[in-house]
>>> print(open('data.txt').read())   # compact mmCIF, C-alpha atoms and all ligand atoms
# COMPACT_ATOMS: atom_id res chain seq x y z
CA MET A 1 -10.08 -19.34 -18.11
CA HIS A 2 -13.39 -18.96 -16.33
CA SER A 3 -15.49 -16.24 -18.00
CA GLU A 4 -16.05 -14.42 -14.68
CA ALA A 5 -12.31 -14.21 -14.12
CA VAL A 6 -11.87 -12.88 -17.67
CA ALA A 7 -14.56 -10.26 -17.08
CA ALA A 8 -12.92 -9.21 -13.82
CA ARG A 9 -9.54 -8.92 -15.52
CA LEU A 10 -10.99 -6.89 -18.37
CA LEU A 11 -12.63 -4.50 -15.93
CA GLU A 12 -9.40 -4.05 -13.98
CA ASN A 13 -7.43 -3.30 -17.16
CA MET A 14 -9.89 -0.85 -18.70
CA GLY A 15 -8.84 2.78 -19.13
CA THR A 16 -12.35 3.91 -18.16
CA ALA A 17 -13.14 4.31 -14.48
CA VAL A 18 -16.00 1.97 -13.57
CA LEU A 19 -17.95 2.49 -10.34
CA VAL A 20 -21.09 0.84 -9.01
CA PHE A 21 -23.35 2.60 -6.51
CA ASP A 22 -26.21 0.88 -4.67
CA SER A 23 -29.64 2.43 -4.14
CA ARG A 24 -28.36 4.25 -1.01
CA MET A 25 -25.72 5.84 -3.27
CA GLN A 26 -22.92 3.99 -1.57
CA LEU A 27 -20.03 2.71 -3.64
CA THR A 28 -19.96 -1.06 -3.97
CA TYR A 29 -17.38 -1.52 -6.74
CA LEU A 30 -14.42 0.44 -8.13
CA ASN A 31 -12.06 -0.80 -10.85
CA HIS A 32 -8.35 0.04 -11.08
CA ALA A 33 -8.84 3.07 -13.39
CA GLY A 34 -11.39 4.32 -10.84
CA GLU A 35 -8.85 3.94 -8.03
CA VAL A 36 -6.36 6.04 -10.00
CA MET A 37 -8.98 8.69 -10.79
CA LEU A 38 -10.32 9.01 -7.24
CA ALA A 39 -6.85 8.53 -5.73
CA HIS A 40 -8.38 5.94 -3.36
CA SER A 41 -8.06 2.19 -3.17
CA ALA A 42 -11.24 0.20 -3.73
CA ARG A 43 -10.86 -1.16 -0.18
CA HIS A 44 -10.85 2.37 1.17
CA ALA A 45 -13.56 3.80 -1.07
CA CYS A 46 -16.19 1.02 -1.11
CA GLY A 47 -18.94 1.54 1.44
CA ARG A 48 -18.59 5.32 1.21
CA SER A 49 -21.36 7.54 -0.08
CA VAL A 50 -20.99 9.63 -3.21
CA ARG A 51 -20.91 12.74 -0.98
CA GLU A 52 -17.88 11.42 0.89
CA LEU A 53 -16.05 10.65 -2.35
CA VAL A 54 -16.72 13.79 -4.37
CA LYS A 55 -16.72 17.34 -3.01
CA ASN A 56 -19.31 18.66 -5.49
CA ALA A 57 -21.41 15.50 -5.27
CA GLU A 58 -24.71 17.14 -6.34
CA VAL A 59 -24.02 16.56 -10.05
CA LEU A 60 -23.39 12.85 -9.58
CA ALA A 61 -26.05 12.38 -6.92
CA ASP A 62 -28.74 13.90 -9.18
CA GLN A 63 -27.77 11.65 -12.07
CA LEU A 64 -27.59 8.57 -9.82
CA ALA A 65 -31.07 9.30 -8.50
CA ALA A 66 -32.38 9.88 -12.02
CA ALA A 67 -30.80 6.63 -13.30
CA LEU A 68 -32.27 4.65 -10.38
CA ALA A 69 -35.70 6.16 -10.99
CA SER A 70 -35.80 5.89 -14.76
CA GLU A 71 -33.88 2.65 -15.37
CA GLN A 72 -32.40 4.36 -18.42
CA VAL A 73 -28.88 5.08 -19.57
CA LEU A 74 -28.06 8.69 -18.82
CA SER A 75 -25.01 10.60 -19.81
CA HIS A 76 -23.47 13.83 -18.68
CA ARG A 77 -20.71 15.47 -20.66
CA GLY A 78 -17.92 17.71 -19.39
CA CYS A 79 -18.74 17.26 -15.72
CA LEU A 80 -16.16 18.85 -13.39
CA LEU A 81 -15.37 16.58 -10.45
CA GLU A 82 -13.84 18.07 -7.34
CA LEU A 83 -12.19 15.24 -5.43
CA PRO A 84 -10.99 15.62 -1.86
CA ASP A 85 -7.70 13.86 -2.47
CA ALA A 86 -6.89 14.55 -6.11
CA PRO A 87 -6.82 17.45 -8.56
CA LYS A 88 -10.04 18.58 -10.25
CA LEU A 89 -11.03 16.47 -13.25
CA ARG A 90 -13.26 17.07 -16.24
CA VAL A 91 -15.05 13.85 -17.18
CA ASN A 92 -17.73 12.45 -19.43
CA CYS A 93 -20.04 10.22 -17.39
CA THR A 94 -22.51 7.48 -18.24
CA PHE A 95 -25.03 6.14 -15.71
CA THR A 96 -26.66 2.76 -16.36
CA SER A 97 -29.29 1.29 -14.11
CA ILE A 98 -28.60 -2.41 -13.39
CA THR A 99 -29.45 -4.96 -10.70
CA ASP A 100 -26.96 -6.65 -8.39
CA ASP A 101 -26.69 -10.39 -7.61
CA ASP A 102 -29.61 -10.11 -5.18
CA GLY A 103 -31.80 -8.34 -7.72
CA GLN A 104 -31.36 -5.00 -5.97
CA PRO A 105 -31.22 -1.89 -8.17
CA CYS A 106 -27.87 -0.19 -8.53
CA VAL A 107 -26.13 2.12 -10.97
CA LEU A 108 -23.09 1.43 -13.10
CA VAL A 109 -21.11 4.64 -13.58
CA GLU A 110 -18.44 5.04 -16.26
CA LEU A 111 -16.15 8.05 -16.06
CA ARG A 112 -13.78 9.06 -18.85
CA GLN A 113 -11.37 11.89 -18.23
CA ILE A 114 -11.59 14.27 -21.17
CA ASP A 115 -8.57 16.37 -20.37
CA TYR A 116 -6.32 13.30 -19.97
CA GLN A 117 -5.02 13.51 -23.55
CA LEU A 118 -4.70 17.27 -23.18
CA ARG A 119 -2.63 16.85 -20.01
CA ILE A 120 -0.28 14.39 -21.73
CA GLU A 121 0.12 16.79 -24.67
CA GLN A 122 0.79 19.72 -22.34
CA GLU A 123 3.36 17.72 -20.40
CA GLU A 124 5.12 16.62 -23.58
CA HIS A 125 5.18 20.26 -24.64
CA LEU A 126 6.66 21.24 -21.27
CA ILE A 127 9.34 18.53 -21.53
CA THR A 128 10.30 19.54 -25.11
CA GLN A 129 10.24 23.22 -24.20
CA GLN A 130 12.47 22.59 -21.20
CA GLN A 131 14.97 20.55 -23.25
CA ALA A 132 15.09 23.19 -26.00
CA THR A 133 15.61 25.98 -23.46
CA HIS A 134 18.39 24.07 -21.76
CA GLU A 135 20.18 23.51 -25.07
CA LEU A 136 19.80 27.18 -25.97
CA VAL A 137 21.14 28.33 -22.60
CA ARG A 138 24.07 25.93 -22.86
CA GLY A 139 25.04 27.22 -26.28
CA LEU A 140 24.62 30.81 -25.21
CA ALA A 141 26.53 30.36 -21.96
CA HIS A 142 29.44 28.83 -23.82
CA GLU A 143 29.56 31.74 -26.28
CA ILE A 144 29.36 34.31 -23.48
CA LYS A 145 31.73 32.73 -20.94
CA ASN A 146 34.73 32.49 -23.29
CA PRO A 147 34.98 36.17 -24.29
CA LEU A 148 34.01 37.10 -20.73
CA GLY A 149 37.15 35.40 -19.44
CA GLY A 150 39.24 37.41 -21.89
CA LEU A 151 37.48 40.64 -20.96
CA ARG A 152 38.08 40.07 -17.26
CA GLY A 153 41.75 39.17 -17.80
CA ALA A 154 42.32 42.29 -19.91
CA ALA A 155 40.69 44.48 -17.25
CA GLN A 156 42.97 42.95 -14.60
CA LEU A 157 46.08 43.65 -16.73
CA LEU A 158 44.89 47.20 -17.34
CA GLU A 159 44.31 47.69 -13.62
CA ARG A 160 47.95 46.87 -12.86
CA GLU A 161 49.10 49.57 -15.29
CA ILE A 162 46.77 52.25 -14.01
CA LYS A 163 48.09 54.32 -11.14
CA ASP A 164 45.09 56.64 -10.81
CA ASP A 165 42.60 55.25 -8.23
CA GLU A 166 39.67 57.01 -9.85
CA LEU A 167 40.33 55.24 -13.16
CA ARG A 168 40.76 51.93 -11.32
CA GLU A 169 37.15 52.19 -10.30
CA TYR A 170 36.25 51.58 -13.97
CA THR A 171 38.32 48.42 -14.23
CA GLN A 172 36.73 47.28 -10.95
CA ILE A 173 33.31 47.75 -12.53
CA ILE A 174 34.36 45.67 -15.58
CA ILE A 175 35.69 42.87 -13.34
CA GLY A 176 32.66 42.98 -11.02
CA GLU A 177 30.16 42.85 -13.88
CA ALA A 178 32.09 40.07 -15.64
CA ASP A 179 31.93 38.03 -12.40
CA ARG A 180 28.22 38.73 -12.02
CA LEU A 181 27.52 37.61 -15.59
CA ARG A 182 29.59 34.47 -15.11
CA ALA A 183 27.72 33.59 -11.91
CA LEU A 184 24.43 34.19 -13.75
CA MET A 185 25.50 31.89 -16.59
CA ASP A 186 26.55 29.21 -14.08
CA SER A 187 23.25 29.33 -12.25
CA MET A 188 21.35 29.21 -15.56
CA LEU A 189 23.25 26.07 -16.46
CA GLY A 190 22.60 24.44 -13.12
CA PRO A 191 25.06 22.06 -11.45
CA ASN A 192 27.49 20.56 -13.94
CA SER A 193 28.45 17.49 -11.95
CA LEU A 194 26.65 14.20 -12.35
CA PRO A 195 23.79 13.67 -9.88
CA LYS A 196 24.80 11.62 -6.84
CA ILE A 197 21.97 9.13 -6.85
CA GLN A 198 21.09 7.48 -3.55
CA ALA A 199 18.03 6.42 -1.55
CA VAL A 200 16.26 9.59 -0.43
CA ASN A 201 13.40 10.01 1.97
CA ILE A 202 11.45 12.81 0.31
CA HIS A 203 9.75 13.80 3.57
CA GLU A 204 13.14 14.56 5.13
CA VAL A 205 13.98 16.77 2.14
CA LEU A 206 10.61 18.56 2.42
CA GLU A 207 11.03 19.12 6.15
CA ARG A 208 14.54 20.55 5.72
CA VAL A 209 13.32 23.00 3.08
CA ARG A 210 10.34 23.91 5.24
CA GLY A 211 12.71 24.77 8.11
CA LEU A 212 14.82 26.95 5.81
CA VAL A 213 11.90 28.85 4.29
CA GLN A 214 10.28 29.30 7.69
CA ALA A 215 13.51 30.73 9.10
CA GLU A 216 13.80 33.12 6.12
CA ALA A 217 10.19 34.24 6.53
CA GLY A 218 10.61 35.01 10.21
CA GLY A 219 7.97 32.59 11.45
CA LYS A 220 4.83 34.21 10.01
CA LEU A 221 4.17 31.49 7.45
CA ARG A 222 1.85 28.67 8.44
CA PHE A 223 2.98 25.30 7.14
CA HIS A 224 0.72 22.28 6.89
CA HIS A 225 1.68 18.83 5.76
CA ASP A 226 -0.24 15.86 4.54
CA TYR A 227 2.37 13.18 3.94
CA ASP A 228 1.75 9.67 2.69
CA PRO A 229 3.92 7.63 5.08
CA SER A 230 3.86 4.65 2.70
CA LEU A 231 5.83 6.59 0.06
CA PRO A 232 9.03 4.59 -0.49
CA ASP A 233 12.49 6.15 -0.74
CA LEU A 234 13.33 7.78 -4.07
CA GLN A 235 16.49 7.04 -6.04
CA ALA A 236 17.68 10.63 -6.42
CA ASP A 237 20.30 13.24 -5.59
CA PRO A 238 19.07 14.76 -2.31
CA ASP A 239 20.88 18.08 -2.84
CA LEU A 240 19.33 18.58 -6.27
CA LEU A 241 15.86 17.70 -4.98
CA MET A 242 16.32 20.08 -2.09
CA GLN A 243 17.30 22.91 -4.42
CA ALA A 244 14.25 22.29 -6.64
CA VAL A 245 11.83 22.19 -3.71
CA LEU A 246 13.47 25.26 -2.17
CA ASN A 247 13.01 27.28 -5.36
CA ILE A 248 9.31 26.41 -5.43
CA MET A 249 8.65 26.92 -1.72
CA ARG A 250 10.58 30.18 -1.64
CA ASN A 251 8.41 31.48 -4.50
CA ALA A 252 5.31 30.53 -2.52
CA ALA A 253 6.63 32.37 0.55
CA GLN A 254 7.44 35.43 -1.58
CA ALA A 255 3.99 35.37 -3.23
CA LEU A 256 2.42 35.26 0.23
CA GLY A 257 4.51 38.21 1.38
CA ASN A 258 5.72 35.77 4.05
CA ASP A 259 2.25 35.73 5.59
CA GLY A 260 -0.09 32.90 4.60
CA ASP A 261 -0.45 29.15 4.34
CA ILE A 262 1.72 26.63 2.53
CA THR A 263 0.54 23.03 2.33
CA VAL A 264 2.79 20.20 1.27
CA ARG A 265 1.16 16.95 0.26
CA THR A 266 2.73 13.70 -0.91
CA ARG A 267 1.03 10.79 -2.64
CA ILE A 268 1.86 7.71 -4.67
CA GLN A 269 0.30 7.49 -8.12
CA ARG A 270 0.12 4.09 -9.75
CA ASN A 271 0.38 3.48 -13.51
CA PHE A 272 0.83 7.17 -14.07
CA ASN A 273 1.99 9.02 -17.17
CA ILE A 274 4.67 11.69 -17.12
CA GLY A 275 4.30 13.02 -20.64
CA ILE A 276 3.90 9.98 -22.88
CA ARG A 277 5.97 7.71 -20.63
CA LYS A 278 3.97 5.48 -18.33
CA HIS A 279 5.47 4.65 -14.94
CA ARG A 280 4.35 1.95 -12.57
CA LEU A 281 4.81 4.18 -9.53
CA VAL A 282 5.19 7.94 -9.36
CA ALA A 283 5.78 10.12 -6.30
CA ARG A 284 3.61 13.22 -6.41
CA ILE A 285 4.46 16.25 -4.29
CA ASP A 286 1.97 19.14 -4.26
CA ILE A 287 3.13 22.46 -2.83
CA THR A 288 0.09 24.69 -2.45
CA ASP A 289 -0.13 28.30 -1.29
CA ASN A 290 -3.14 30.52 -0.75
CA GLY A 291 -1.50 33.59 -2.26
CA PRO A 292 -2.71 35.82 -5.11
CA GLY A 293 -1.93 33.28 -7.87
CA ILE A 294 -0.09 33.70 -11.17
CA ASP A 295 -1.84 35.43 -14.03
CA GLU A 296 -2.51 33.32 -17.09
CA VAL A 297 -0.06 35.03 -19.45
CA LEU A 298 2.82 34.71 -16.98
CA ARG A 299 1.84 31.14 -16.06
CA LYS A 300 2.53 29.87 -19.59
CA GLN A 301 6.10 31.18 -19.40
CA ILE A 302 7.25 30.75 -15.81
CA PHE A 303 9.46 27.75 -16.57
CA TYR A 304 11.50 29.77 -19.09
CA PRO A 305 14.70 31.33 -17.73
CA MET A 306 14.64 35.09 -17.05
CA ILE A 307 10.85 35.20 -16.78
CA THR A 308 9.89 36.94 -13.58
CA GLY A 309 6.87 38.69 -12.13
CA ARG A 310 8.88 40.23 -9.27
CA SER A 311 10.82 43.47 -9.44
CA ASP A 312 13.82 41.89 -7.71
CA GLY A 313 13.51 38.43 -9.28
CA THR A 314 16.03 36.95 -11.69
CA GLY A 315 13.45 34.55 -13.15
CA LEU A 316 15.77 31.56 -12.81
CA GLY A 317 14.27 29.70 -9.84
CA LEU A 318 11.66 27.68 -11.70
CA SER A 319 13.70 26.97 -14.81
CA ILE A 320 16.47 25.57 -12.59
CA ALA A 321 13.95 23.57 -10.54
CA GLN A 322 12.46 22.12 -13.74
CA ALA A 323 15.93 21.21 -15.06
CA LEU A 324 16.84 19.50 -11.75
CA ILE A 325 13.64 17.48 -11.65
CA SER A 326 13.96 16.50 -15.31
CA ARG A 327 17.43 15.10 -14.52
CA HIS A 328 15.44 12.61 -12.43
CA GLN A 329 13.07 11.93 -15.38
CA GLY A 330 10.41 13.91 -13.53
CA LEU A 331 8.34 16.99 -14.24
CA ILE A 332 7.01 20.07 -12.45
CA GLU A 333 3.50 21.28 -13.31
CA CYS A 334 1.66 24.33 -12.14
CA SER A 335 -1.98 25.25 -11.76
CA SER A 336 -3.03 28.55 -10.30
CA GLU A 337 -6.07 30.61 -9.47
CA PRO A 338 -6.36 33.45 -6.96
CA GLY A 339 -6.17 31.89 -3.50
CA GLU A 340 -4.75 28.56 -4.70
CA THR A 341 -1.49 27.99 -6.53
CA VAL A 342 -0.25 24.42 -6.78
CA PHE A 343 3.17 23.35 -7.96
CA THR A 344 3.27 19.59 -8.49
CA ILE A 345 6.51 17.66 -8.66
CA LEU A 346 6.16 14.25 -10.31
CA LEU A 347 9.06 11.85 -9.84
CA PRO A 348 9.11 8.26 -11.09
CA LEU A 349 9.77 5.79 -8.28
CA LYS A 350 12.18 3.23 -9.57
CA GLY A 351 12.55 -0.18 -8.09
CA LYS A 352 16.11 -1.20 -7.16
CA HIS A 353 16.25 -3.37 -10.28
CA GLU A 354 15.20 -0.53 -12.63
CA SER A 355 17.63 2.01 -14.01
N1 LIG B 401 3.57 30.39 -5.78
C1 LIG B 401 3.56 31.44 -6.61
N2 LIG B 401 2.57 32.38 -6.54
C2 LIG B 401 2.55 33.43 -7.37
N3 LIG B 401 3.46 33.67 -8.33
C3 LIG B 401 4.46 32.79 -8.46
C4 LIG B 401 4.57 31.64 -7.62
N4 LIG B 401 5.65 30.94 -8.00
C5 LIG B 401 6.21 31.62 -9.03
N5 LIG B 401 5.51 32.74 -9.30
C6 LIG B 401 5.78 33.72 -10.36
O1 LIG B 401 6.66 33.12 -11.28
C7 LIG B 401 7.79 33.96 -11.49
C8 LIG B 401 8.99 33.15 -11.87
O2 LIG B 401 9.50 32.45 -10.73
P1 LIG B 401 11.03 32.06 -10.67
O3 LIG B 401 11.29 31.36 -9.38
O4 LIG B 401 11.41 31.34 -11.92
O5 LIG B 401 11.77 33.45 -10.71
P2 LIG B 401 11.81 34.57 -9.57
O6 LIG B 401 11.25 34.05 -8.29
O7 LIG B 401 11.19 35.78 -10.16
O8 LIG B 401 13.37 34.83 -9.42
P3 LIG B 401 14.45 33.87 -8.70
O9 LIG B 401 13.75 32.65 -8.22
O10 LIG B 401 15.41 33.55 -9.78
O11 LIG B 401 14.99 34.70 -7.62
C9 LIG B 401 7.91 34.75 -10.19
O12 LIG B 401 8.57 35.97 -10.41
C10 LIG B 401 6.45 34.95 -9.81
O13 LIG B 401 5.90 36.06 -10.49
MG MG B 402 11.95 32.26 -7.51
>>> encode(input="data.txt", output="structure tokens", more="lines below")
Ligand SMILES: Nc1ncnc2c1ncn2[C@@H]1O[C@H](COP(=O)(O)OP(=O)(O)OP(=O)(O)O)[C@@H](O)[C@H]1O
Ligand SMILES: [Mg+2]
Amino acid sequence: MHSEAVAARLLENMGTAVLVFDSRMQLTYLNHAGEVMLAHSARHACGRSVRELVKNAEVLADQLAAALASEQVLSHRGCLLELPDAPKLRVNCTFTSITDDDGQPCVLVELRQIDYQLRIEQEEHLITQQQATHELVRGLAHEIKNPLGGLRGAAQLLEREIKDDELREYTQIIIGEADRLRALMDSMLGPNSLPKIQAVNIHEVLERVRGLVQAEAGGKLRFHHDYDPSLPDLQADPDLLMQAVLNIMRNAAQALGNDGDITVRTRIQRNFNIGIRKHRLVARIDITDNGPGIDEVLRKQIFYPMITGRSDGTGLGLSIAQALISRHQGLIECSSEPGETVFTILLPLKGKHES
């Protein structure tokens, strides 16, 4: 094979994002890893200035200018990149001054995400944690539901024998509480039928949930959407997806006290990892609110059942949502700071031929 073609193929298959900026600090080349990192295609990004591509462009612009001036290799460690269309990234960068085909000076930029491995480890931890919790809940629910049935039956028998209405109130309490506990166990277990997988337009699901949450909130919430119309249909159970999204969006509405902004964004991610599994295409749904955020201690536990930060919460919403999404081999992640809480649903997009 021609050496130029080999070089091009190597560049496109590298894990490091490679960018080339000309002397006017406009992007002239972006490899595939760079497309994934910036969440932009090379076609879309080339020709744009560094300030259009990165929100906090000063860090890169200074280094680009220094590299152009000094013709040296410069490096910058732990640089935080704020991208307009992707989550914040911490990267190590290298800037090398080179010349293009016409002898014009330009800068080769290599970006390596340093929290990439950390993210994979955290996601694996989340997946294992979720599986362990589900197993625990299943075992526990089984042990509780059996004696509960007996308890309820006995209370019903007793009720028939009791003639005194005042005493019947007690058996009513036993029956009522047994029913409540059973309903709680059922909702902790999630739906027990097999998912009904079909082609689902995720935007229709999102819009239906939006309508529901807006109706509940009485119209004070402001919804914004930023949908990627090229997102193909998902192979999923629409009811389960709707329940998961509803649990997340309802939390956002509650955190906002039904008065604030909720933004729903969809994107396609190519060659994207969910935990250690790499998928060719992944649908990414970000549900962002500008509420008070979740404090760090609570944030580490919110996907566990019965963990709540609300006085009237049962703490089941997110653990159910996570279980529903994981039935689709997906994952829910959360990042939060005051004024910006993002719940991200990642769902692998399977081709019709894939299982
Ligand atoms: N968008 C958000 N902003 C702030 N806090 C949140 C947000 N989403 C979730 N939380 C916090 O996470 C906790 C757990 O949420 P989860 O949905 O699991 O339970 P819940 O809302 O308390 O109860 P349930 O959903 O079962 O009625 C919430 O109580 C809340 O403190
Ligand atoms: Mg909730």
>>> residues_near_ligand(input="data.txt", ligand="ligand MG 402 (chain B)", cutoff="6 Å", atoms="only C-alpha atoms and all ligand atoms", output="PDB file with C-alpha atoms, in the coordinates of the input")
ATOM      1  CA  ASN A 247      13.010  27.280  -5.360  1.00  0.00           C
ATOM      2  CA  ASN A 251       8.410  31.480  -4.500  1.00  0.00           C
ATOM      3  CA  GLY A 317      14.270  29.700  -9.840  1.00  0.00           C
TER       4      GLY A 317
END
>>> atom_distance(input="data.txt", atom1="atom CA of A:Leu81", atom2="atom CA of A:Glu52")
12.7 Å
>>> residues_around(input="data.txt", residues="A:Ile307", least_positions_apart="4", cutoff="10 Å", atoms="only C-alpha atoms", output="number ranges by chain")
A: 298-299, 301-303, 313-319
>>> residues_around(input="data.txt", residues="A:Ile345", least_positions_apart="4", cutoff="12 Å", atoms="only C-alpha atoms", output="MDAnalysis selection string")
chainID A and resid 202 206 241 244:245 248:249 264:269 274 282:288 318 321:326 328:335
>>> atom_distance(input="data.txt", atom1="atom CA of A:Gln198", atom2="atom CA of A:Pro238")
7.7 Å
>>> atom_distance(input="data.txt", atom1="atom C7 of ligand LIG 401 (chain B)", atom2="atom CA of A:Lys145")
25.8 Å
>>> residues_near_point(input="data.txt", point="(43.3, 40.6, -12.8)", cutoff="12 Å", atoms="all atoms listed in the file", output="PyMOL selection string")
chain A and resi 149-161+168+171-172+174-176+178-179
>>> residues_around(input="data.txt", residues="A:Arg250", least_positions_apart="6", cutoff="10 Å", atoms="all atoms listed in the file", output="VMD selection string")
chain A and resid 209 to 210 212 to 214 216 to 217 256 258 317
>>> residues_around(input="data.txt", residues="A:Lys55", least_positions_apart="6", cutoff="10 Å", atoms="all atoms listed in the file", output="PyMOL selection string")
chain A and resi 81-85+88
>>> residues_around(input="data.txt", residues="stretch 114-129 of chain A", least_positions_apart="3", cutoff="6 Å", atoms="all atoms listed in the file", output="list of chain:residue names")
A:Arg90, A:Val91, A:Ala132, A:Gly275
>>> axis_aligned_box(input="data.txt", around="stretch 254-265 of chain A", padding_each_side="6 Å", output="AutoDock Vina command-line options")
--center_x 3.5 --center_y 27.6 --center_z 1.2 --size_x 19.9 --size_y 33.3 --size_z 20.8
>>> residues_near_point(input="data.txt", point="(-16.9, -0.2, 1.0)", cutoff="8 Å", atoms="all atoms listed in the file", output="list in words")
Gln26, Leu27, Thr28, Tyr29, Ala42, Arg43, His44, Ala45, Cys46, Gly47 and Arg48 of chain A
>>> closest_residue(input="data.txt", among="A:Asn201, A:Ile144, A:Gly211, A:Leu184", to="A:Tyr227", atoms="all atoms listed in the file")
A:Asn201
>>> closest_residue(input="data.txt", among="A:Asp22, A:Ser230, A:Ser187, A:Ile197", to="ligand LIG 401 (chain B)", atoms="all atoms listed in the file")
A:Ser187
>>> closest_residue(input="data.txt", among="A:Leu246, A:Val50, A:Ala252, A:Val200", to="A:Gly339", atoms="all atoms listed in the file")
A:Ala252
